[in-house]
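Below is upload.tsv, holding TSV, C-alpha atoms (C1' of nucleotides).
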```tsv
chain	number	residue	atom	x	y	z
A	1393	MET	CA	16.86	-29.95	12.55
A	1394	VAL	CA	15.06	-29.25	15.79
A	1395	PRO	CA	12.45	-31.94	16.57
A	1396	MET	CA	8.92	-30.65	16.42
A	1397	SER	CA	5.61	-32.32	17.28
A	1398	VAL	CA	3.37	-33.34	14.41
A	1399	THR	CA	0.59	-31.03	15.53
A	1400	ALA	CA	2.89	-28.03	15.81
A	1401	THR	CA	4.19	-28.65	12.31
A	1402	GLN	CA	0.68	-28.98	10.92
A	1403	ARG	CA	-0.46	-25.86	12.76
A	1404	ARG	CA	2.20	-23.77	11.14
A	1405	THR	CA	1.70	-25.22	7.72
A	1406	ALA	CA	-2.08	-24.87	7.49
A	1407	ALA	CA	-2.06	-21.35	8.93
A	1408	SER	CA	0.76	-20.37	6.62
A	1409	GLU	CA	-1.05	-21.71	3.56
A	1410	ALA	CA	-4.19	-19.86	4.61
A	1411	TRP	CA	-2.16	-16.68	4.99
A	1412	VAL	CA	-0.72	-17.03	1.51
A	1413	LEU	CA	-4.21	-17.47	0.09
A	1414	ILE	CA	-5.45	-14.41	1.98
A	1415	ALA	CA	-2.60	-12.35	0.58
A	1416	GLU	CA	-3.47	-13.61	-2.87
A	1417	LEU	CA	-7.13	-12.71	-2.43
A	1418	VAL	CA	-6.33	-9.19	-1.29
A	1419	ALA	CA	-3.82	-8.71	-4.11
A	1420	SER	CA	-6.44	-9.77	-6.63
A	1421	GLN	CA	-8.70	-6.99	-5.32
A	1422	ARG	CA	-6.12	-4.24	-5.59
A	1423	SER	CA	-7.52	-2.82	-8.78
A	1424	ARG	CA	-10.99	-2.72	-7.26
A	1425	THR	CA	-9.66	-0.74	-4.30
A	1426	MET	CA	-7.99	1.67	-6.69
A	1427	CYS	CA	-11.29	2.06	-8.50
A	1428	VAL	CA	-12.95	3.11	-5.25
A	1429	CYS	CA	-10.17	5.66	-4.71
A	1430	SER	CA	-10.61	7.27	-8.11
A	1431	GLU	CA	-14.38	7.00	-7.79
A	1432	PHE	CA	-14.27	9.35	-4.81
A	1433	ASP	CA	-11.19	11.20	-6.08
A	1434	LEU	CA	-9.18	10.26	-3.00
A	1435	ALA	CA	-5.61	9.01	-2.81
A	1436	PRO	CA	-5.15	5.67	-1.01
A	1437	GLY	CA	-3.70	7.21	2.12
A	1438	GLN	CA	-6.50	9.74	2.42
A	1439	LEU	CA	-9.05	6.98	1.94
A	1440	HIS	CA	-7.56	4.81	4.66
A	1441	ALA	CA	-7.29	7.73	7.03
A	1442	LEU	CA	-10.89	8.79	6.50
A	1443	LYS	CA	-12.04	5.21	6.88
A	1444	TRP	CA	-10.18	4.83	10.16
A	1445	LEU	CA	-11.29	8.11	11.72
A	1446	ASP	CA	-14.20	7.90	14.11
A	1447	PRO	CA	-16.93	10.52	13.61
A	1448	GLU	CA	-18.25	9.73	17.07
A	1449	SER	CA	-15.04	10.45	18.93
A	1450	PRO	CA	-12.17	12.63	17.67
A	1451	LYS	CA	-8.76	10.96	17.72
A	1452	PRO	CA	-5.32	12.54	18.07
A	1453	MET	CA	-3.10	12.51	14.99
A	1454	ARG	CA	-0.64	10.33	16.85
A	1455	ASP	CA	-3.15	7.47	16.96
A	1456	LEU	CA	-3.78	7.76	13.26
A	1457	ALA	CA	-0.05	7.50	12.59
A	1458	THR	CA	0.05	4.36	14.71
A	1459	ALA	CA	-2.97	2.89	12.93
A	1460	LEU	CA	-1.47	3.55	9.51
A	1461	ALA	CA	1.89	2.23	10.69
A	1462	CYS	CA	3.69	5.29	9.37
A	1463	ASP	CA	5.60	8.32	10.49
A	1464	ASN	CA	3.99	11.27	12.25
A	1465	SER	CA	5.13	13.68	9.57
A	1466	ASN	CA	3.30	11.66	6.98
A	1467	VAL	CA	-0.03	12.13	8.67
A	1468	THR	CA	0.41	15.90	8.53
A	1469	GLY	CA	0.27	15.89	4.73
A	1470	ILE	CA	-2.64	13.47	4.52
A	1471	ILE	CA	-4.71	15.51	6.95
A	1472	ASP	CA	-3.71	18.71	5.14
A	1473	ARG	CA	-5.39	17.41	1.99
A	1474	LEU	CA	-8.44	16.08	3.79
A	1475	GLU	CA	-8.80	19.40	5.57
A	1476	ASP	CA	-8.44	21.31	2.30
A	1477	ARG	CA	-11.47	19.42	1.05
A	1478	GLY	CA	-13.44	20.16	4.18
A	1479	LEU	CA	-13.68	16.49	5.15
A	1480	VAL	CA	-11.77	16.75	8.42
A	1481	GLN	CA	-10.94	19.45	10.92
A	1482	ARG	CA	-8.02	19.92	13.29
A	1483	ARG	CA	-9.09	20.90	16.78
A	1484	PRO	CA	-6.72	21.72	19.66
A	1485	GLY	CA	-6.65	19.05	22.37
A	1486	ALA	CA	-8.64	19.78	25.49
A	1487	HIS	CA	-6.20	18.61	28.14
A	1488	ASP	CA	-2.91	18.56	26.26
A	1489	ARG	CA	-2.24	21.52	24.01
A	1490	ARG	CA	0.39	19.59	22.07
A	1491	VAL	CA	-2.10	17.20	20.50
A	1492	LYS	CA	-4.58	18.04	17.76
A	1493	MET	CA	-7.81	16.12	17.60
A	1494	LEU	CA	-9.22	15.06	14.25
A	1495	VAL	CA	-12.91	15.80	13.78
A	1496	VAL	CA	-14.82	14.43	10.79
A	1497	THR	CA	-17.06	17.09	9.29
A	1498	PRO	CA	-20.63	16.25	8.19
A	1499	LYS	CA	-19.39	16.25	4.59
A	1500	GLY	CA	-16.62	13.89	5.62
A	1501	GLN	CA	-19.05	11.63	7.44
A	1502	ALA	CA	-21.23	11.32	4.35
A	1503	LEU	CA	-18.25	10.43	2.17
A	1504	ARG	CA	-16.90	8.05	4.78
A	1505	HIS	CA	-20.20	6.23	4.83
A	1506	GLU	CA	-20.21	5.79	1.08
A	1507	ILE	CA	-16.61	4.60	1.09
A	1508	LYS	CA	-17.21	2.01	3.78
A	1509	ALA	CA	-20.27	0.70	1.97
A	1510	ARG	CA	-18.28	0.24	-1.24
A	1511	MET	CA	-15.26	-1.33	0.44
A	1512	GLU	CA	-17.33	-3.78	2.43
A	1513	GLU	CA	-18.77	-5.37	-0.68
A	1514	ALA	CA	-17.52	-8.94	-0.71
A	1515	PRO	CA	-15.19	-9.82	-3.59
A	1516	GLU	CA	-16.32	-12.35	-6.15
A	1517	PRO	CA	-14.25	-15.30	-4.86
A	1518	LEU	CA	-15.96	-15.19	-1.46
A	1519	LEU	CA	-19.39	-15.05	-3.08
A	1520	ARG	CA	-18.69	-18.38	-4.70
A	1521	LEU	CA	-18.88	-20.05	-1.31
A	1522	ASP	CA	-22.37	-21.11	-0.24
A	1523	ALA	CA	-24.11	-19.47	2.70
A	1524	GLU	CA	-22.97	-22.03	5.25
A	1525	GLU	CA	-19.34	-21.88	4.12
A	1526	GLN	CA	-19.39	-18.10	4.28
A	1527	ARG	CA	-20.61	-18.22	7.86
A	1528	VAL	CA	-17.92	-20.73	8.84
A	1529	LEU	CA	-15.26	-18.55	7.24
A	1530	ARG	CA	-16.54	-15.44	8.99
A	1531	ASP	CA	-16.70	-17.19	12.36
A	1532	LEU	CA	-13.16	-18.54	12.04
A	1533	LEU	CA	-11.86	-15.06	11.25
A	1534	ARG	CA	-13.83	-13.63	14.15
A	1535	LYS	CA	-12.28	-16.15	16.48
A	1536	ALA	CA	-8.77	-15.52	15.17
A	1537	LEU	CA	-9.17	-11.76	15.54
A	1538	ASP	CA	-10.86	-12.17	18.92
A	1539	ARG	CA	-14.23	-10.62	18.10
B	849	MET	CA	-36.95	-1.66	-0.99
B	850	VAL	CA	-36.44	-4.42	-3.51
B	851	PRO	CA	-37.54	-7.81	-2.13
B	852	MET	CA	-34.70	-10.25	-1.68
B	853	SER	CA	-34.64	-13.90	-0.65
B	854	VAL	CA	-33.44	-14.69	2.83
B	855	THR	CA	-30.59	-16.81	1.55
B	856	ALA	CA	-29.37	-14.12	-0.82
B	857	THR	CA	-29.38	-11.58	1.99
B	858	GLN	CA	-27.48	-13.92	4.27
B	859	ARG	CA	-24.97	-14.80	1.56
B	860	ARG	CA	-24.03	-11.19	1.05
B	861	THR	CA	-23.87	-10.41	4.73
B	862	ALA	CA	-21.66	-13.29	5.84
B	863	ALA	CA	-19.26	-12.91	2.91
B	864	SER	CA	-19.13	-9.18	3.43
B	865	GLU	CA	-18.38	-9.57	7.14
B	866	ALA	CA	-15.65	-12.06	6.34
B	867	TRP	CA	-14.17	-9.65	3.83
B	868	VAL	CA	-14.11	-6.84	6.38
B	869	LEU	CA	-12.32	-9.11	8.83
B	870	ILE	CA	-9.79	-10.12	6.17
B	871	ALA	CA	-9.09	-6.48	5.39
B	872	GLU	CA	-8.61	-5.87	9.09
B	873	LEU	CA	-6.21	-8.78	9.42
B	874	VAL	CA	-4.11	-7.63	6.49
B	875	ALA	CA	-4.08	-4.05	7.76
B	876	SER	CA	-2.86	-5.24	11.15
B	877	GLN	CA	0.11	-6.89	9.41
B	878	ARG	CA	1.13	-3.83	7.43
B	879	SER	CA	3.96	-2.93	9.77
B	880	ARG	CA	5.30	-6.48	9.54
B	881	THR	CA	5.34	-6.26	5.75
B	882	MET	CA	7.19	-2.96	5.97
B	883	CYS	CA	9.71	-4.62	8.27
B	884	VAL	CA	10.40	-7.25	5.63
B	885	CYS	CA	10.92	-4.50	3.07
B	886	SER	CA	13.48	-2.65	5.15
B	887	GLU	CA	15.04	-5.94	6.22
B	888	PHE	CA	16.00	-6.62	2.61
B	889	ASP	CA	16.36	-2.91	1.76
B	890	LEU	CA	13.65	-3.11	-0.88
B	891	ALA	CA	10.80	-0.69	-1.55
B	892	PRO	CA	7.30	-2.23	-1.51
B	893	GLY	CA	6.92	-2.12	-5.28
B	894	GLN	CA	10.26	-3.79	-5.89
B	895	LEU	CA	9.42	-6.48	-3.35
B	896	HIS	CA	6.08	-7.28	-4.94
B	897	ALA	CA	7.63	-7.34	-8.38
B	898	LEU	CA	10.43	-9.67	-7.35
B	899	LYS	CA	7.96	-11.88	-5.54
B	900	TRP	CA	5.74	-12.14	-8.60
B	901	LEU	CA	8.50	-12.79	-11.12
B	902	ASP	CA	9.05	-16.41	-12.04
B	903	PRO	CA	12.69	-17.58	-12.07
B	904	GLU	CA	11.63	-20.61	-14.10
B	905	SER	CA	10.07	-18.69	-16.97
B	906	PRO	CA	10.81	-15.06	-17.90
B	907	LYS	CA	7.75	-12.84	-18.19
B	908	PRO	CA	7.23	-9.72	-20.31
B	909	MET	CA	7.04	-6.41	-18.49
B	910	ARG	CA	3.49	-6.00	-19.70
B	911	ASP	CA	2.35	-8.98	-17.62
B	912	LEU	CA	4.03	-7.56	-14.54
B	913	ALA	CA	2.17	-4.28	-15.03
B	914	THR	CA	-1.08	-6.22	-15.23
B	915	ALA	CA	-0.25	-8.25	-12.14
B	916	LEU	CA	0.59	-5.14	-10.14
B	917	ALA	CA	-2.51	-3.39	-11.50
B	918	CYS	CA	-0.50	-0.35	-12.45
B	919	ASP	CA	0.69	1.59	-15.45
B	920	ASN	CA	3.35	0.34	-17.83
B	921	SER	CA	5.55	3.33	-17.19
B	922	ASN	CA	5.61	2.50	-13.53
B	923	VAL	CA	7.13	-0.91	-14.13
B	924	THR	CA	10.00	0.68	-16.02
B	925	GLY	CA	11.22	2.45	-12.88
B	926	ILE	CA	10.77	-0.54	-10.62
B	927	ILE	CA	12.71	-2.80	-12.96
B	928	ASP	CA	15.37	-0.12	-13.39
B	929	ARG	CA	16.10	-0.29	-9.66
B	930	LEU	CA	15.98	-4.08	-9.49
B	931	GLU	CA	18.32	-4.23	-12.46
B	932	ASP	CA	20.71	-1.73	-10.87
B	933	ARG	CA	21.03	-4.15	-7.97
B	934	GLY	CA	21.65	-7.07	-10.27
B	935	LEU	CA	18.49	-8.88	-9.17
B	936	VAL	CA	16.78	-9.05	-12.57
B	937	GLN	CA	17.78	-8.63	-16.18
B	938	ARG	CA	16.00	-7.28	-19.25
B	939	ARG	CA	16.28	-9.58	-22.22
B	940	PRO	CA	14.91	-8.83	-25.69
B	941	GLY	CA	11.89	-10.91	-26.59
B	942	ALA	CA	12.54	-13.87	-28.88
B	943	HIS	CA	9.55	-13.57	-31.20
B	944	ASP	CA	8.48	-9.97	-30.70
B	945	ARG	CA	11.22	-7.38	-30.56
B	946	ARG	CA	8.93	-4.91	-28.81
B	947	VAL	CA	8.69	-6.91	-25.59
B	948	LYS	CA	11.43	-7.29	-22.98
B	949	MET	CA	11.50	-10.44	-20.91
B	950	LEU	CA	12.37	-10.24	-17.24
B	951	VAL	CA	14.92	-12.78	-16.07
B	952	VAL	CA	15.67	-13.26	-12.37
B	953	THR	CA	19.40	-13.52	-11.76
B	954	PRO	CA	20.82	-16.13	-9.33
B	955	LYS	CA	21.30	-13.33	-6.81
B	956	GLY	CA	17.69	-12.31	-7.34
B	957	GLN	CA	16.50	-15.89	-6.95
B	958	ALA	CA	18.25	-16.23	-3.61
B	959	LEU	CA	16.72	-13.00	-2.32
B	960	ARG	CA	13.31	-13.94	-3.69
B	961	HIS	CA	13.46	-17.21	-1.81
B	962	GLU	CA	14.23	-15.47	1.45
B	963	ILE	CA	11.49	-12.93	0.91
B	964	LYS	CA	8.86	-15.55	0.19
B	965	ALA	CA	9.84	-17.54	3.26
B	966	ARG	CA	9.47	-14.46	5.48
B	967	MET	CA	6.18	-13.33	3.95
B	968	GLU	CA	4.59	-16.75	4.19
B	969	GLU	CA	4.96	-16.86	7.94
B	970	ALA	CA	1.43	-16.94	9.34
B	971	PRO	CA	0.46	-13.89	11.40
B	972	GLU	CA	-0.24	-14.32	15.09
B	973	PRO	CA	-4.07	-14.17	14.86
B	974	LEU	CA	-4.18	-17.21	12.58
B	975	LEU	CA	-1.89	-19.16	14.88
B	976	ARG	CA	-4.46	-18.80	17.63
B	977	LEU	CA	-6.76	-21.16	15.76
B	978	ASP	CA	-6.24	-24.84	16.48
B	979	ALA	CA	-4.95	-27.21	13.82
B	980	GLU	CA	-8.39	-28.32	12.66
B	981	GLU	CA	-9.69	-24.77	12.38
B	982	GLN	CA	-6.65	-23.73	10.40
B	983	ARG	CA	-7.23	-26.53	7.93
B	984	VAL	CA	-10.90	-25.59	7.53
B	985	LEU	CA	-9.95	-21.97	6.96
B	986	ARG	CA	-7.33	-22.93	4.39
B	987	ASP	CA	-9.72	-25.25	2.56
B	988	LEU	CA	-12.43	-22.63	2.39
B	989	LEU	CA	-10.02	-20.12	0.92
B	990	ARG	CA	-8.76	-22.72	-1.54
B	991	LYS	CA	-12.29	-23.38	-2.67
B	992	ALA	CA	-13.09	-19.68	-2.98
B	993	LEU	CA	-9.96	-19.05	-5.03
B	994	ASP	CA	-10.48	-22.22	-7.03
B	995	ARG	CA	-7.33	-24.10	-6.10
C	766	DG	C1'	3.25	0.31	-48.33
C	767	DA	C1'	0.09	3.02	-45.27
C	768	DC	C1'	-1.88	2.68	-40.74
C	769	DA	C1'	-3.69	1.51	-36.38
C	770	DA	C1'	-2.29	-1.03	-32.35
C	771	DC	C1'	0.98	-2.51	-29.02
C	772	DG	C1'	5.23	-2.63	-25.72
C	773	DG	C1'	8.33	0.10	-23.50
C	774	DT	C1'	10.55	4.55	-22.26
C	775	DT	C1'	10.60	9.36	-20.91
C	776	DG	C1'	8.76	13.59	-18.91
C	777	DC	C1'	5.87	15.91	-15.58
C	778	DC	C1'	3.16	16.10	-11.50
C	779	DG	C1'	0.90	14.62	-7.12
C	780	DT	C1'	1.04	11.38	-3.07
C	781	DG	C1'	3.15	9.32	0.56
C	782	DG	C1'	7.19	6.88	2.69
C	783	DT	C1'	11.62	7.92	5.57
C	784	DC	C1'	14.69	10.92	8.17
C	785	DA	C1'	16.56	15.07	10.61
C	786	DA	C1'	15.62	19.37	12.73
C	787	DC	C1'	12.67	22.54	14.94
C	788	DG	C1'	8.91	24.86	18.11
C	789	DT	C1'	5.65	24.15	21.52
C	790	DT	C1'	3.97	21.87	25.45
C	791	DC	C1'	4.07	18.60	29.26
C	792	DG	C1'	5.98	16.00	33.37
C	793	DC	C1'	9.41	15.16	36.40
C	794	DG	C1'	13.22	15.63	39.54
C	795	DG	C1'	16.35	18.68	41.64
D	583	DC	C1'	10.42	27.16	40.72
D	584	DC	C1'	13.58	26.04	37.29
D	585	DG	C1'	15.55	23.12	34.08
D	586	DC	C1'	15.56	19.24	31.36
D	587	DG	C1'	14.10	15.36	28.72
D	588	DA	C1'	10.25	13.55	26.28
D	589	DA	C1'	6.14	13.89	23.49
D	590	DC	C1'	3.27	15.95	19.52
D	591	DG	C1'	3.02	18.14	15.45
D	592	DT	C1'	5.19	20.65	11.53
D	593	DT	C1'	8.64	21.56	8.02
D	594	DG	C1'	12.22	20.46	4.73
D	595	DA	C1'	14.74	17.37	1.87
D	596	DC	C1'	14.90	13.15	-0.71
D	597	DC	C1'	13.23	8.90	-2.91
D	598	DA	C1'	9.69	5.47	-4.51
D	599	DC	C1'	5.51	5.05	-7.12
D	600	DG	C1'	0.91	6.25	-8.75
D	601	DG	C1'	-1.32	8.30	-13.19
D	602	DC	C1'	-1.17	10.68	-17.74
D	603	DA	C1'	0.55	12.26	-22.28
D	604	DA	C1'	3.90	12.00	-25.76
D	605	DC	C1'	7.10	9.48	-28.14
D	606	DC	C1'	9.83	5.47	-30.67
D	607	DG	C1'	10.31	1.07	-32.57
D	608	DT	C1'	7.85	-2.91	-33.90
D	609	DT	C1'	3.97	-5.74	-35.45
D	610	DG	C1'	-0.11	-7.23	-37.83
D	611	DT	C1'	-3.65	-5.90	-41.03
D	612	DC	C1'	-5.90	-4.00	-44.85
```
So that I can check it, write out the structure of this file as structure tokens.
Amino acid sequence: MVPMSVTATQRRTAASEAWVLIAELVASQRSRTMCVCSEFDLAPGQLHALKWLDPESPKPMRDLATALACDNSNVTGIIDRLEDRGLVQRRPGAHDRRVKMLVVTPKGQALRHEIKARMEEAPEPLLRLDAEEQRVLRDLLRKALDR
Amino acid sequence: MVPMSVTATQRRTAASEAWVLIAELVASQRSRTMCVCSEFDLAPGQLHALKWLDPESPKPMRDLATALACDNSNVTGIIDRLEDRGLVQRRPGAHDRRVKMLVVTPKGQALRHEIKARMEEAPEPLLRLDAEEQRVLRDLLRKALDR
DNA sequence: GACAACGGTTGCCGTGGTCAACGTTCGCGG
DNA sequence: CCGCGAACGTTGACCACGGCAACCGTTGTC
């Protein structure tokens, strides 16, 4: 076995354990997420796409595909359905006629706002921490994610 | 607006912000999860099922459906594919002949072990915290999840 | 013994994941 | 200026999974 410093070993272990717990927390909230989907009659992919889109500045479909970590062709279908509902609009790119920019309609913006509000509600396990602990947790995550 | 104590307001805000950051962290690791899936040539559902199954004690399909927060009929297909690969086995229930217990084969156990090892690797953002911060993060999550 | 309830399977349908192939557009080098 | 490769989006095919309804065999209860 390759020798490893004590601190390096501990670093990996604690972070790994934290990661497992995070995965567990998210998994335990899966049904709640699904509830939000059915509440707004949106499929998961459509929900994620609408949540990611920026009403302030239209984004090319390519960027959405990257954000969702999926194929380009996949985004076509998702946007098709969002467009059918009048939540999003395809608009030809200004400088590059290959790209299509995704514009969130007013109707889409309203729905997006509701969705975000519902999804940002903290799950029960986190609410069991006291105020100080919650702040510490938030700050650690901010630091890790470089915010 | 309904009056609310300062502490209650702060509680909700900090926990909610933490939750948003957690969602962001998990989303940023989606492509890595997909890599693990393709690495072992398993679809996401099959991977989660195999990960959840307990080689030590067979579980009824019903419990798996509950754990995956999905319909019973869905589990049938997932187990079909895992069984076709010889990773799990259906076994008639001992006391109740309606239920089928899911047994992980030796081959399935080996694969499960590999999968868990790969999925437990901490993502890069968490590794940027120092050892002490990682421990604090882990302990907070443990407390929240009641471990 | 009839009957509701439960576990699992099957069918159908919609969503979304991959991949290959295609049309349009862009940028670059000859 | 022309040609060529690369990029963006779409389409088609195929599979994995999500829900729902209907069904069968079993179980527990009245």
With 8 Å as the limit and counting all atoms listed in the file, what residues in chain D lie close to chain B? Please list them as an MDAnalysis selection string. chainID D and resid 598:601 607:609
Since we have the selection now, will you write its residues out, keeping C-alpha atoms (C1' of nucleotides), as a CSV table (one decimal), in the frame of the given file?
```
chain,number,residue,atom,x,y,z
D,598,DA,C1',9.7,5.5,-4.5
D,599,DC,C1',5.5,5.0,-7.1
D,600,DG,C1',0.9,6.2,-8.8
D,601,DG,C1',-1.3,8.3,-13.2
D,607,DG,C1',10.3,1.1,-32.6
D,608,DT,C1',7.8,-2.9,-33.9
D,609,DT,C1',4.0,-5.7,-35.4
```
Closest atom pairs, residues of chain A within 9 Å of chain B, only C-alpha atoms, as a tab-separated table:
```
residue	atom	partner	partner_atom	distance
A:Thr1399	CA	B:Ala979	CA	6.9
A:Ala1400	CA	B:Ala979	CA	8.1
A:Gln1402	CA	B:Ala979	CA	6.6
A:Arg1403	CA	B:Ala979	CA	4.8
A:Arg1404	CA	B:Ala970	CA	7.1
A:Thr1405	CA	B:Ala970	CA	8.4
A:Ala1406	CA	B:Arg983	CA	5.4
A:Ala1407	CA	B:Gln982	CA	5.4
A:Ser1408	CA	B:Ala970	CA	4.4
A:Glu1409	CA	B:Arg986	CA	6.5
A:Ala1410	CA	B:Arg986	CA	4.4
A:Trp1411	CA	B:Ala970	CA	5.6
A:Val1412	CA	B:Glu968	CA	6.0
A:Leu1413	CA	B:Leu989	CA	6.4
A:Ile1414	CA	B:Leu989	CA	7.4
A:Ala1415	CA	B:Val874	CA	7.7
A:Glu1416	CA	B:Leu993	CA	8.7
A:Leu1417	CA	B:Leu993	CA	7.4
A:Val1418	CA	B:Ala871	CA	7.7
A:Ala1419	CA	B:Leu916	CA	8.3
A:Ser1420	CA	B:Ala915	CA	8.4
A:Arg1422	CA	B:Ala917	CA	7.0
A:Ser1423	CA	B:Ala917	CA	5.7
A:Met1426	CA	B:Ala917	CA	8.9
A:Ala1459	CA	B:Ser876	CA	8.3
A:Leu1460	CA	B:Arg878	CA	8.1
A:Ala1461	CA	B:Ser879	CA	5.6
A:Cys1462	CA	B:Ser879	CA	8.2
A:Met1511	CA	B:Val868	CA	8.2
A:Glu1512	CA	B:Ser864	CA	5.8
A:Glu1513	CA	B:Ser864	CA	5.6
A:Ala1514	CA	B:Ser864	CA	4.4
A:Pro1515	CA	B:Trp867	CA	7.5
A:Glu1516	CA	B:Ala992	CA	8.6
A:Pro1517	CA	B:Ala992	CA	4.9
A:Leu1518	CA	B:Ala992	CA	5.5
A:Leu1519	CA	B:Ala863	CA	6.4
A:Arg1520	CA	B:Ala992	CA	6.0
A:Leu1521	CA	B:Ala992	CA	6.0
A:Asp1522	CA	B:Arg859	CA	7.1
A:Ala1523	CA	B:Arg859	CA	4.9
A:Glu1524	CA	B:Arg859	CA	8.4
A:Glu1525	CA	B:Leu988	CA	7.2
A:Gln1526	CA	B:Ala863	CA	5.4
A:Arg1527	CA	B:Ala862	CA	5.4
A:Val1528	CA	B:Leu985	CA	8.3
A:Leu1529	CA	B:Leu985	CA	6.3
A:Arg1530	CA	B:Ala866	CA	4.4
A:Asp1531	CA	B:Ala866	CA	8.0
A:Leu1532	CA	B:Leu985	CA	6.9
A:Leu1533	CA	B:Leu869	CA	6.4
A:Arg1534	CA	B:Leu869	CA	7.1
A:Lys1535	CA	B:Leu977	CA	7.5
A:Ala1536	CA	B:Pro973	CA	4.9
A:Leu1537	CA	B:Pro973	CA	5.7
A:Asp1538	CA	B:Pro973	CA	8.2
```
What is the distance, in Å and to one decimal place, between atom CA of B:Pro908 and atom CA of B:Lys948? 5.5 Å
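Between atom C1' of C:DT783 and atom CA of B:Ile963 there is a distance of 21.4 Å.
A straight line drawn from atom CA of A:His1440 to atom CA of A:Arg1504 is 9.9 Å long.
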Output the contact residues of chain C with respect to chain B at a cut-off of 12 Å, based on all atoms listed in the file, as a ChimeraX atom specification. /C:771-776,782-783
Name the residues, using the chain letters and numbers of the file, that sit within 12 Å of (23.9, -12.8, -12.7) when counting all atoms listed in the file, and give them as a PyMOL selection string. chain B and resi 931-938+951-958
